[in-house]
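S.K.: So I've got this file, protein21.pdb, and it contains PDB, C-alpha atoms, pLDDT in the B column:
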```pdb
ATOM      1  CA  MET D   1     254.142  17.038 -30.654  1.00 35.00           C
ATOM      2  CA  GLY D   2     257.871  17.210 -31.418  1.00 38.00           C
ATOM      3  CA  THR D   3     259.600  19.357 -33.983  1.00 40.00           C
ATOM      4  CA  ASN D   4     258.701  17.291 -37.033  1.00 42.00           C
ATOM      5  CA  GLY D   5     257.379  19.633 -39.747  1.00 41.00           C
ATOM      6  CA  LYS D   6     254.454  17.304 -40.406  1.00 44.00           C
ATOM      7  CA  HIS D   7     252.927  18.250 -37.079  1.00 54.00           C
ATOM      8  CA  ARG D   8     252.969  21.925 -37.979  1.00 84.00           C
ATOM      9  CA  THR D   9     251.136  21.629 -41.281  1.00 94.00           C
ATOM     10  CA  HIS D  10     248.126  23.943 -41.318  1.00 97.00           C
ATOM     11  CA  LEU D  11     245.378  23.231 -43.846  1.00 98.00           C
ATOM     12  CA  VAL D  12     243.202  25.949 -45.346  1.00 98.00           C
ATOM     13  CA  TRP D  13     240.146  24.242 -46.811  1.00 98.00           C
ATOM     14  CA  ASP D  14     237.962  25.636 -49.553  1.00 98.00           C
ATOM     15  CA  TRP D  15     234.218  25.113 -49.082  1.00 98.00           C
ATOM     16  CA  ASN D  16     232.156  25.014 -52.310  1.00 95.00           C
ATOM     17  CA  GLY D  17     233.147  22.083 -54.530  1.00 96.00           C
ATOM     18  CA  THR D  18     235.776  20.911 -52.040  1.00 98.00           C
ATOM     19  CA  LEU D  19     234.308  20.098 -48.617  1.00 98.00           C
ATOM     20  CA  LEU D  20     230.757  20.688 -49.873  1.00 98.00           C
ATOM     21  CA  ASP D  21     229.669  18.558 -52.829  1.00 97.00           C
ATOM     22  CA  ASP D  22     227.490  21.217 -54.448  1.00 96.00           C
ATOM     23  CA  ASN D  23     228.115  20.720 -58.172  1.00 95.00           C
ATOM     24  CA  THR D  24     224.437  20.095 -58.978  1.00 95.00           C
ATOM     25  CA  ALA D  25     223.381  23.289 -57.177  1.00 97.00           C
ATOM     26  CA  VAL D  26     226.122  25.328 -58.903  1.00 95.00           C
ATOM     27  CA  ILE D  27     225.237  24.083 -62.398  1.00 96.00           C
ATOM     28  CA  GLY D  28     221.521  24.627 -61.776  1.00 97.00           C
ATOM     29  CA  ALA D  29     222.174  28.157 -60.494  1.00 97.00           C
ATOM     30  CA  THR D  30     224.517  28.955 -63.396  1.00 96.00           C
ATOM     31  CA  ASN D  31     221.918  27.790 -65.920  1.00 97.00           C
ATOM     32  CA  ALA D  32     219.205  29.819 -64.176  1.00 97.00           C
ATOM     33  CA  ALA D  33     221.458  32.897 -64.508  1.00 95.00           C
ATOM     34  CA  PHE D  34     222.149  32.113 -68.187  1.00 95.00           C
ATOM     35  CA  ALA D  35     218.430  31.702 -68.929  1.00 95.00           C
ATOM     36  CA  GLU D  36     217.966  35.276 -67.699  1.00 91.00           C
ATOM     37  CA  VAL D  37     219.974  36.540 -70.697  1.00 91.00           C
ATOM     38  CA  GLY D  38     218.565  33.988 -73.157  1.00 93.00           C
ATOM     39  CA  MET D  39     221.523  31.576 -73.129  1.00 93.00           C
ATOM     40  CA  GLU D  40     221.384  27.808 -73.537  1.00 94.00           C
ATOM     41  CA  PRO D  41     222.077  25.641 -70.455  1.00 96.00           C
ATOM     42  CA  ILE D  42     225.524  24.060 -70.096  1.00 96.00           C
ATOM     43  CA  THR D  43     226.645  20.672 -68.709  1.00 95.00           C
ATOM     44  CA  LEU D  44     228.960  20.023 -65.745  1.00 93.00           C
ATOM     45  CA  GLU D  45     231.721  19.035 -68.195  1.00 92.00           C
ATOM     46  CA  GLN D  46     231.381  22.325 -70.098  1.00 93.00           C
ATOM     47  CA  TYR D  47     231.336  24.234 -66.822  1.00 93.00           C
ATOM     48  CA  ARG D  48     234.540  22.572 -65.624  1.00 92.00           C
ATOM     49  CA  GLU D  49     236.341  23.280 -68.898  1.00 90.00           C
ATOM     50  CA  MET D  50     235.307  26.940 -69.087  1.00 91.00           C
ATOM     51  CA  TYR D  51     235.104  28.087 -65.463  1.00 89.00           C
ATOM     52  CA  CYS D  52     237.470  30.889 -64.442  1.00 86.00           C
ATOM     53  CA  ILE D  53     237.820  33.832 -62.074  1.00 82.00           C
ATOM     54  CA  PRO D  54     236.700  36.617 -62.211  1.00 85.00           C
ATOM     55  CA  ILE D  55     233.203  35.250 -62.872  1.00 87.00           C
ATOM     56  CA  PRO D  56     232.267  37.905 -65.500  1.00 89.00           C
ATOM     57  CA  ARG D  57     235.202  36.540 -67.541  1.00 90.00           C
ATOM     58  CA  PHE D  58     233.668  33.037 -67.286  1.00 92.00           C
ATOM     59  CA  TYR D  59     230.363  34.457 -68.546  1.00 92.00           C
ATOM     60  CA  GLU D  60     232.244  36.182 -71.376  1.00 93.00           C
ATOM     61  CA  ARG D  61     233.717  32.840 -72.511  1.00 93.00           C
ATOM     62  CA  LEU D  62     230.199  31.480 -72.909  1.00 91.00           C
ATOM     63  CA  MET D  63     228.369  34.619 -74.110  1.00 91.00           C
ATOM     64  CA  GLY D  64     231.039  35.777 -76.539  1.00 92.00           C
ATOM     65  CA  ARG D  65     231.139  39.144 -74.756  1.00 93.00           C
ATOM     66  CA  LEU D  66     231.349  40.519 -71.234  1.00 92.00           C
ATOM     67  CA  PRO D  67     227.954  40.904 -69.567  1.00 92.00           C
ATOM     68  CA  THR D  68     226.898  44.527 -69.039  1.00 94.00           C
ATOM     69  CA  GLU D  69     226.905  45.767 -65.461  1.00 93.00           C
ATOM     70  CA  ALA D  70     223.099  45.443 -65.315  1.00 94.00           C
ATOM     71  CA  GLU D  71     223.252  41.881 -66.727  1.00 93.00           C
ATOM     72  CA  TRP D  72     225.976  40.907 -64.279  1.00 92.00           C
ATOM     73  CA  GLU D  73     223.966  42.187 -61.313  1.00 93.00           C
ATOM     74  CA  ARG D  74     220.838  40.356 -62.493  1.00 95.00           C
ATOM     75  CA  MET D  75     222.714  37.117 -63.244  1.00 94.00           C
ATOM     76  CA  ASP D  76     224.632  37.241 -59.969  1.00 92.00           C
ATOM     77  CA  GLY D  77     221.411  37.822 -58.011  1.00 94.00           C
ATOM     78  CA  ILE D  78     219.609  34.935 -59.732  1.00 96.00           C
ATOM     79  CA  PHE D  79     222.623  32.652 -59.282  1.00 95.00           C
ATOM     80  CA  HIS D  80     222.743  33.239 -55.510  1.00 92.00           C
ATOM     81  CA  ARG D  81     218.989  32.978 -55.024  1.00 95.00           C
ATOM     82  CA  TYR D  82     218.776  29.697 -56.946  1.00 96.00           C
ATOM     83  CA  TYR D  83     221.933  28.332 -55.310  1.00 94.00           C
ATOM     84  CA  MET D  84     220.588  28.969 -51.796  1.00 93.00           C
ATOM     85  CA  GLU D  85     217.412  27.002 -52.612  1.00 95.00           C
ATOM     86  CA  GLN D  86     219.331  24.071 -54.089  1.00 95.00           C
ATOM     87  CA  ARG D  87     222.194  23.934 -51.579  1.00 94.00           C
ATOM     88  CA  VAL D  88     220.034  22.473 -48.817  1.00 93.00           C
ATOM     89  CA  ALA D  89     219.944  19.173 -50.733  1.00 95.00           C
ATOM     90  CA  CYS D  90     223.771  19.005 -50.995  1.00 97.00           C
ATOM     91  CA  GLY D  91     225.915  16.889 -48.679  1.00 97.00           C
ATOM     92  CA  LEU D  92     229.561  17.012 -47.654  1.00 98.00           C
ATOM     93  CA  THR D  93     232.062  15.378 -50.006  1.00 97.00           C
ATOM     94  CA  ALA D  94     232.482  11.662 -49.219  1.00 94.00           C
ATOM     95  CA  GLY D  95     234.966  11.201 -46.368  1.00 95.00           C
ATOM     96  CA  ALA D  96     235.334  14.930 -45.640  1.00 98.00           C
ATOM     97  CA  GLU D  97     233.965  14.778 -42.107  1.00 97.00           C
ATOM     98  CA  GLU D  98     236.297  11.912 -41.121  1.00 97.00           C
ATOM     99  CA  LEU D  99     239.334  13.682 -42.585  1.00 98.00           C
ATOM    100  CA  LEU D 100     238.577  16.868 -40.644  1.00 98.00           C
ATOM    101  CA  ALA D 101     238.088  14.933 -37.398  1.00 98.00           C
ATOM    102  CA  GLN D 102     241.282  12.885 -37.865  1.00 97.00           C
ATOM    103  CA  TRP D 103     243.372  15.969 -38.608  1.00 97.00           C
ATOM    104  CA  GLN D 104     242.076  17.694 -35.484  1.00 96.00           C
ATOM    105  CA  LEU D 105     242.568  14.554 -33.334  1.00 96.00           C
ATOM    106  CA  ALA D 106     246.193  14.426 -34.481  1.00 94.00           C
ATOM    107  CA  GLY D 107     246.619  17.870 -32.865  1.00 93.00           C
ATOM    108  CA  ARG D 108     246.957  19.741 -36.124  1.00 94.00           C
ATOM    109  CA  SER D 109     245.244  22.968 -37.140  1.00 96.00           C
ATOM    110  CA  GLN D 110     242.945  23.695 -40.065  1.00 98.00           C
ATOM    111  CA  SER D 111     240.742  26.555 -41.158  1.00 98.00           C
ATOM    112  CA  LEU D 112     238.143  27.274 -43.806  1.00 98.00           C
ATOM    113  CA  LEU D 113     238.189  30.128 -46.318  1.00 98.00           C
ATOM    114  CA  SER D 114     235.401  30.475 -48.848  1.00 96.00           C
ATOM    115  CA  MET D 115     234.265  33.033 -51.394  1.00 93.00           C
ATOM    116  CA  TYR D 116     230.717  32.334 -50.241  1.00 90.00           C
ATOM    117  CA  VAL D 117     229.400  35.402 -48.405  1.00 90.00           C
ATOM    118  CA  HIS D 118     230.546  35.343 -44.758  1.00 95.00           C
ATOM    119  CA  GLU D 119     227.176  35.948 -43.049  1.00 94.00           C
ATOM    120  CA  GLN D 120     225.670  32.969 -44.906  1.00 91.00           C
ATOM    121  CA  LEU D 121     228.721  30.706 -44.761  1.00 95.00           C
ATOM    122  CA  VAL D 122     229.085  30.508 -40.981  1.00 96.00           C
ATOM    123  CA  PRO D 123     225.568  29.183 -40.213  1.00 96.00           C
ATOM    124  CA  VAL D 124     225.788  26.790 -43.196  1.00 95.00           C
ATOM    125  CA  VAL D 125     229.081  25.270 -41.976  1.00 97.00           C
ATOM    126  CA  ARG D 126     227.613  25.074 -38.464  1.00 97.00           C
ATOM    127  CA  GLY D 127     224.568  23.299 -39.892  1.00 96.00           C
ATOM    128  CA  TYR D 128     226.766  20.512 -41.263  1.00 96.00           C
ATOM    129  CA  GLY D 129     228.175  19.988 -37.766  1.00 96.00           C
ATOM    130  CA  ILE D 130     231.832  20.561 -38.653  1.00 98.00           C
ATOM    131  CA  GLU D 131     232.522  24.091 -37.394  1.00 97.00           C
ATOM    132  CA  ARG D 132     234.319  22.753 -34.300  1.00 97.00           C
ATOM    133  CA  HIS D 133     237.110  21.274 -36.446  1.00 98.00           C
ATOM    134  CA  PHE D 134     238.307  24.702 -37.634  1.00 98.00           C
ATOM    135  CA  THR D 135     240.513  27.323 -35.986  1.00 96.00           C
ATOM    136  CA  ARG D 136     238.713  29.931 -38.065  1.00 97.00           C
ATOM    137  CA  VAL D 137     235.929  30.095 -40.660  1.00 98.00           C
ATOM    138  CA  ASP D 138     235.987  33.048 -43.080  1.00 97.00           C
ATOM    139  CA  GLY D 139     233.713  33.841 -45.984  1.00 96.00           C
ATOM    140  CA  ARG D 140     233.804  36.617 -48.544  1.00 93.00           C
ATOM    141  CA  THR D 141     233.257  40.202 -47.533  1.00 90.00           C
ATOM    142  CA  GLY D 142     232.642  42.764 -50.272  1.00 85.00           C
ATOM    143  CA  PRO D 143     231.428  42.238 -53.861  1.00 83.00           C
ATOM    144  CA  SER D 144     231.239  38.783 -55.452  1.00 77.00           C
ATOM    145  CA  GLY D 145     233.093  37.530 -58.503  1.00 73.00           C
ATOM    146  CA  GLY D 146     236.692  38.425 -57.591  1.00 78.00           C
ATOM    147  CA  SER D 147     239.819  36.531 -56.511  1.00 84.00           C
ATOM    148  CA  LYS D 148     240.555  34.836 -53.196  1.00 94.00           C
ATOM    149  CA  ALA D 149     244.097  36.232 -52.915  1.00 94.00           C
ATOM    150  CA  GLN D 150     243.370  39.256 -50.683  1.00 94.00           C
ATOM    151  CA  HIS D 151     240.962  37.215 -48.574  1.00 95.00           C
ATOM    152  CA  MET D 152     243.697  34.596 -48.038  1.00 97.00           C
ATOM    153  CA  GLU D 153     246.091  37.306 -46.864  1.00 95.00           C
ATOM    154  CA  ARG D 154     243.570  38.533 -44.277  1.00 95.00           C
ATOM    155  CA  HIS D 155     242.637  34.976 -43.277  1.00 97.00           C
ATOM    156  CA  LEU D 156     246.224  33.973 -42.399  1.00 96.00           C
ATOM    157  CA  ALA D 157     246.940  37.321 -40.717  1.00 96.00           C
ATOM    158  CA  ALA D 158     243.850  36.905 -38.510  1.00 96.00           C
ATOM    159  CA  MET D 159     245.186  33.566 -37.216  1.00 96.00           C
ATOM    160  CA  GLY D 160     248.456  35.068 -36.033  1.00 90.00           C
ATOM    161  CA  GLY D 161     250.753  32.106 -35.493  1.00 84.00           C
ATOM    162  CA  VAL D 162     250.049  30.304 -38.784  1.00 92.00           C
ATOM    163  CA  SER D 163     253.084  30.467 -41.044  1.00 94.00           C
ATOM    164  CA  PRO D 164     252.538  30.424 -44.842  1.00 96.00           C
ATOM    165  CA  ASP D 165     255.601  28.106 -45.036  1.00 94.00           C
ATOM    166  CA  HIS D 166     253.621  25.444 -43.169  1.00 96.00           C
ATOM    167  CA  THR D 167     250.281  26.127 -44.852  1.00 98.00           C
ATOM    168  CA  VAL D 168     248.655  24.067 -47.605  1.00 98.00           C
ATOM    169  CA  VAL D 169     245.489  25.271 -49.331  1.00 98.00           C
ATOM    170  CA  ILE D 170     243.136  22.499 -50.508  1.00 98.00           C
ATOM    171  CA  GLY D 171     240.627  23.664 -53.110  1.00 98.00           C
ATOM    172  CA  ASP D 172     238.944  22.821 -56.412  1.00 96.00           C
ATOM    173  CA  ALA D 173     239.787  25.941 -58.450  1.00 93.00           C
ATOM    174  CA  VAL D 174     242.866  27.484 -60.054  1.00 93.00           C
ATOM    175  CA  ASP D 175     242.112  30.573 -57.965  1.00 93.00           C
ATOM    176  CA  ASP D 176     242.862  28.543 -54.801  1.00 96.00           C
ATOM    177  CA  ALA D 177     246.410  27.975 -56.124  1.00 97.00           C
ATOM    178  CA  VAL D 178     246.702  31.676 -57.040  1.00 96.00           C
ATOM    179  CA  ALA D 179     245.619  32.673 -53.514  1.00 97.00           C
ATOM    180  CA  ALA D 180     248.099  30.219 -51.955  1.00 98.00           C
ATOM    181  CA  ALA D 181     250.974  31.547 -54.084  1.00 97.00           C
ATOM    182  CA  HIS D 182     249.975  35.112 -53.179  1.00 97.00           C
ATOM    183  CA  VAL D 183     250.730  34.447 -49.493  1.00 97.00           C
ATOM    184  CA  GLY D 184     253.648  32.039 -50.031  1.00 97.00           C
ATOM    185  CA  ALA D 185     251.712  28.862 -49.155  1.00 97.00           C
ATOM    186  CA  ARG D 186     251.423  25.566 -51.057  1.00 98.00           C
ATOM    187  CA  ALA D 187     248.282  24.252 -52.751  1.00 98.00           C
ATOM    188  CA  VAL D 188     246.755  20.920 -53.710  1.00 98.00           C
ATOM    189  CA  LEU D 189     243.818  20.984 -56.126  1.00 98.00           C
ATOM    190  CA  TYR D 190     240.927  18.516 -56.136  1.00 98.00           C
ATOM    191  CA  THR D 191     239.158  17.446 -59.343  1.00 96.00           C
ATOM    192  CA  GLY D 192     235.709  16.888 -57.791  1.00 96.00           C
ATOM    193  CA  GLY D 193     234.567  20.504 -57.985  1.00 95.00           C
ATOM    194  CA  SER D 194     234.431  23.359 -60.467  1.00 89.00           C
ATOM    195  CA  HIS D 195     237.455  22.654 -62.720  1.00 92.00           C
ATOM    196  CA  SER D 196     238.438  19.812 -65.038  1.00 92.00           C
ATOM    197  CA  ARG D 197     241.761  18.049 -64.325  1.00 94.00           C
ATOM    198  CA  ASN D 198     243.045  19.592 -67.536  1.00 92.00           C
ATOM    199  CA  SER D 199     242.385  23.182 -66.434  1.00 90.00           C
ATOM    200  CA  LEU D 200     243.644  22.518 -62.884  1.00 95.00           C
ATOM    201  CA  GLU D 201     246.965  21.158 -64.132  1.00 95.00           C
ATOM    202  CA  ALA D 202     247.627  24.527 -65.773  1.00 91.00           C
ATOM    203  CA  ALA D 203     248.070  25.951 -62.247  1.00 93.00           C
ATOM    204  CA  GLY D 204     251.356  24.043 -61.850  1.00 95.00           C
ATOM    205  CA  VAL D 205     250.511  22.520 -58.447  1.00 97.00           C
ATOM    206  CA  PRO D 206     249.642  18.905 -57.518  1.00 98.00           C
ATOM    207  CA  VAL D 207     246.187  17.743 -58.670  1.00 98.00           C
ATOM    208  CA  VAL D 208     244.338  14.854 -56.967  1.00 98.00           C
ATOM    209  CA  ASP D 209     241.046  12.998 -57.377  1.00 97.00           C
ATOM    210  CA  SER D 210     240.140  12.603 -53.694  1.00 97.00           C
ATOM    211  CA  LEU D 211     240.351  14.609 -50.469  1.00 98.00           C
ATOM    212  CA  ASP D 212     242.230  11.672 -48.874  1.00 97.00           C
ATOM    213  CA  GLU D 213     244.989  12.115 -51.438  1.00 97.00           C
ATOM    214  CA  ALA D 214     244.932  15.885 -50.929  1.00 98.00           C
ATOM    215  CA  VAL D 215     245.566  15.571 -47.167  1.00 97.00           C
ATOM    216  CA  ALA D 216     248.268  12.900 -47.608  1.00 96.00           C
ATOM    217  CA  LEU D 217     250.032  15.100 -50.154  1.00 96.00           C
ATOM    218  CA  ALA D 218     249.684  18.216 -47.979  1.00 96.00           C
ATOM    219  CA  GLU D 219     251.634  16.429 -45.230  1.00 92.00           C
ATOM    220  CA  GLN D 220     254.424  15.563 -47.665  1.00 93.00           C
ATOM    221  CA  LEU D 221     254.623  19.076 -49.106  1.00 92.00           C
ATOM    222  CA  VAL D 222     255.424  20.621 -45.722  1.00 87.00           C
ATOM    223  CA  ALA D 223     257.368  17.691 -44.237  1.00 65.00           C
TER
END
```
As structure tokens, please, write out the structure in this file.

M.R.:
Amino acid sequence: MGTNGKHRTHLVWDWNGTLLDDNTAVIGATNAAFAEVGMEPITLEQYREMYCIPIPRFYERLMGRLPTEAEWERMDGIFHRYYMEQRVACGLTAGAEELLAQWQLAGRSQSLLSMYVHEQLVPVVRGYGIERHFTRVDGRTGPSGGSKAQHMERHLAAMGGVSPDHTVVIGDAVDDAVAAAHVGARAVLYTGGSHSRNSLEAAGVPVVDSLDEAVALAEQLVA
């Protein structure tokens, strides 16, 4: 393998909106949650412009106020129920499977960290036939709606030998860049998911339009 830094690059992939092309399910679930509190549906473009973490803050941008605790619980429950029904029709992002296989064949490591609840994430990833490509697959534990930063810390720690200096996070949300910075890793953000290019560029990290570009750039960042 040699000592070239490129061979040591570890990728941490995001799941929803990055490896999984689930935009239609997310928008449908969001609109189902909004209908619960009498709000008008929004488009994918509106979603991408307004989306932010924590999720109640995103709802506030659209409602004009923070949802009450009871509203949040109801909306969150409806979102997840609707999303689970719709997700089964979603496929992997074009080219994702090949990229994962190529990276693994080249003898390099990669893992998956998602804010999708852990107990549901693992069988879903397995169902798409790609679990074998990852050193580790971690989903969210604890309440929904928060940041990925603490989860990223635990994820890297659990893998032992993975150095943040050689790690690149590939995701579709500003929060992926925040989580990467939190542990001292790099990030590349992909425009095919939950954020518009405009809002992603505010994160101050490279922004790309395809997962191919994301992987190519990840190699350069750690080279």

S.K.: Running the PyMOL selection byres ((chain D and resi 43) around 12) on this model by hand, what would come out? Give it as a CSV table (one decimal) with C-alpha atoms, in the coordinates of the input.

M.R.:
```
chain,number,residue,atom,x,y,z
D,23,ASN,CA,228.1,20.7,-58.2
D,24,THR,CA,224.4,20.1,-59.0
D,26,VAL,CA,226.1,25.3,-58.9
D,27,ILE,CA,225.2,24.1,-62.4
D,28,GLY,CA,221.5,24.6,-61.8
D,29,ALA,CA,222.2,28.2,-60.5
D,30,THR,CA,224.5,29.0,-63.4
D,31,ASN,CA,221.9,27.8,-65.9
D,40,GLU,CA,221.4,27.8,-73.5
D,41,PRO,CA,222.1,25.6,-70.5
D,42,ILE,CA,225.5,24.1,-70.1
D,44,LEU,CA,229.0,20.0,-65.7
D,45,GLU,CA,231.7,19.0,-68.2
D,46,GLN,CA,231.4,22.3,-70.1
D,47,TYR,CA,231.3,24.2,-66.8
D,48,ARG,CA,234.5,22.6,-65.6
D,49,GLU,CA,236.3,23.3,-68.9
D,50,MET,CA,235.3,26.9,-69.1
D,51,TYR,CA,235.1,28.1,-65.5
D,194,SER,CA,234.4,23.4,-60.5
```

S.K.: Translate the PyMOL selection byres ((chain D and resi 129-132) around 10) into a concrete residue list for this structure, as a PDB file with C-alpha atoms, keeping the file's coordinate frame.

M.R.:
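Saved the output as part-v6.pdb:
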```pdb
ATOM      1  CA  LEU D  92     229.561  17.012 -47.654  1.00 98.00           C
ATOM      2  CA  ALA D  96     235.334  14.930 -45.640  1.00 98.00           C
ATOM      3  CA  GLU D  97     233.965  14.778 -42.107  1.00 97.00           C
ATOM      4  CA  LEU D 100     238.577  16.868 -40.644  1.00 98.00           C
ATOM      5  CA  ALA D 101     238.088  14.933 -37.398  1.00 98.00           C
ATOM      6  CA  GLN D 104     242.076  17.694 -35.484  1.00 96.00           C
ATOM      7  CA  SER D 111     240.742  26.555 -41.158  1.00 98.00           C
ATOM      8  CA  LEU D 112     238.143  27.274 -43.806  1.00 98.00           C
ATOM      9  CA  VAL D 122     229.085  30.508 -40.981  1.00 96.00           C
ATOM     10  CA  PRO D 123     225.568  29.183 -40.213  1.00 96.00           C
ATOM     11  CA  VAL D 124     225.788  26.790 -43.196  1.00 95.00           C
ATOM     12  CA  VAL D 125     229.081  25.270 -41.976  1.00 97.00           C
ATOM     13  CA  ARG D 126     227.613  25.074 -38.464  1.00 97.00           C
ATOM     14  CA  GLY D 127     224.568  23.299 -39.892  1.00 96.00           C
ATOM     15  CA  TYR D 128     226.766  20.512 -41.263  1.00 96.00           C
ATOM     16  CA  HIS D 133     237.110  21.274 -36.446  1.00 98.00           C
ATOM     17  CA  PHE D 134     238.307  24.702 -37.634  1.00 98.00           C
ATOM     18  CA  THR D 135     240.513  27.323 -35.986  1.00 96.00           C
ATOM     19  CA  ARG D 136     238.713  29.931 -38.065  1.00 97.00           C
ATOM     20  CA  VAL D 137     235.929  30.095 -40.660  1.00 98.00           C
TER      21      VAL D 137
END
```

S.K.: Using only C-alpha atoms, can you tell me which of D:Met75, D:Leu113, D:Val12, D:Ala214 comes closest to Arg140 in chain D?

M.R.: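 Among D:Met75, D:Leu113, D:Val12, D:Ala214, it is D:Leu113 that comes nearest to Arg140 in chain D.
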
S.K.: Of the residues D:Ala216, D:Ile55, D:Ala179, D:Ala203, which is the one nearest to Ser114 in chain D, using all atoms listed in the file?

M.R.: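 The shortest atom-to-atom distance to Ser114 in chain D comes from D:Ala179.
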
S.K.: Can you find the residues with an atom no farther than 9 Å from (254.6, 23.6, -47.3), counting all atoms listed in the file, and report them as a ChimeraX atom specification?

M.R.: /D:5,9-10,164-168,184-187,218-223

S.K.: Rounded to one decimal in Å, what is the spacing between CA of Val117 in chain D and CA of Trp13 in chain D?

M.R.: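 Interatomic distance, CA of Val117 in chain D to CA of Trp13 in chain D: 15.6 Å.
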
S.K.: Got a sec: who's within 12 Å of Ala33 in chain D, counting all atoms listed in the file, leaving out chain neighbours fewer than 5 positions off, as a ChimeraX atom specification?

M.R.: /D:26-28,38-42,56,59,63,67,71-83
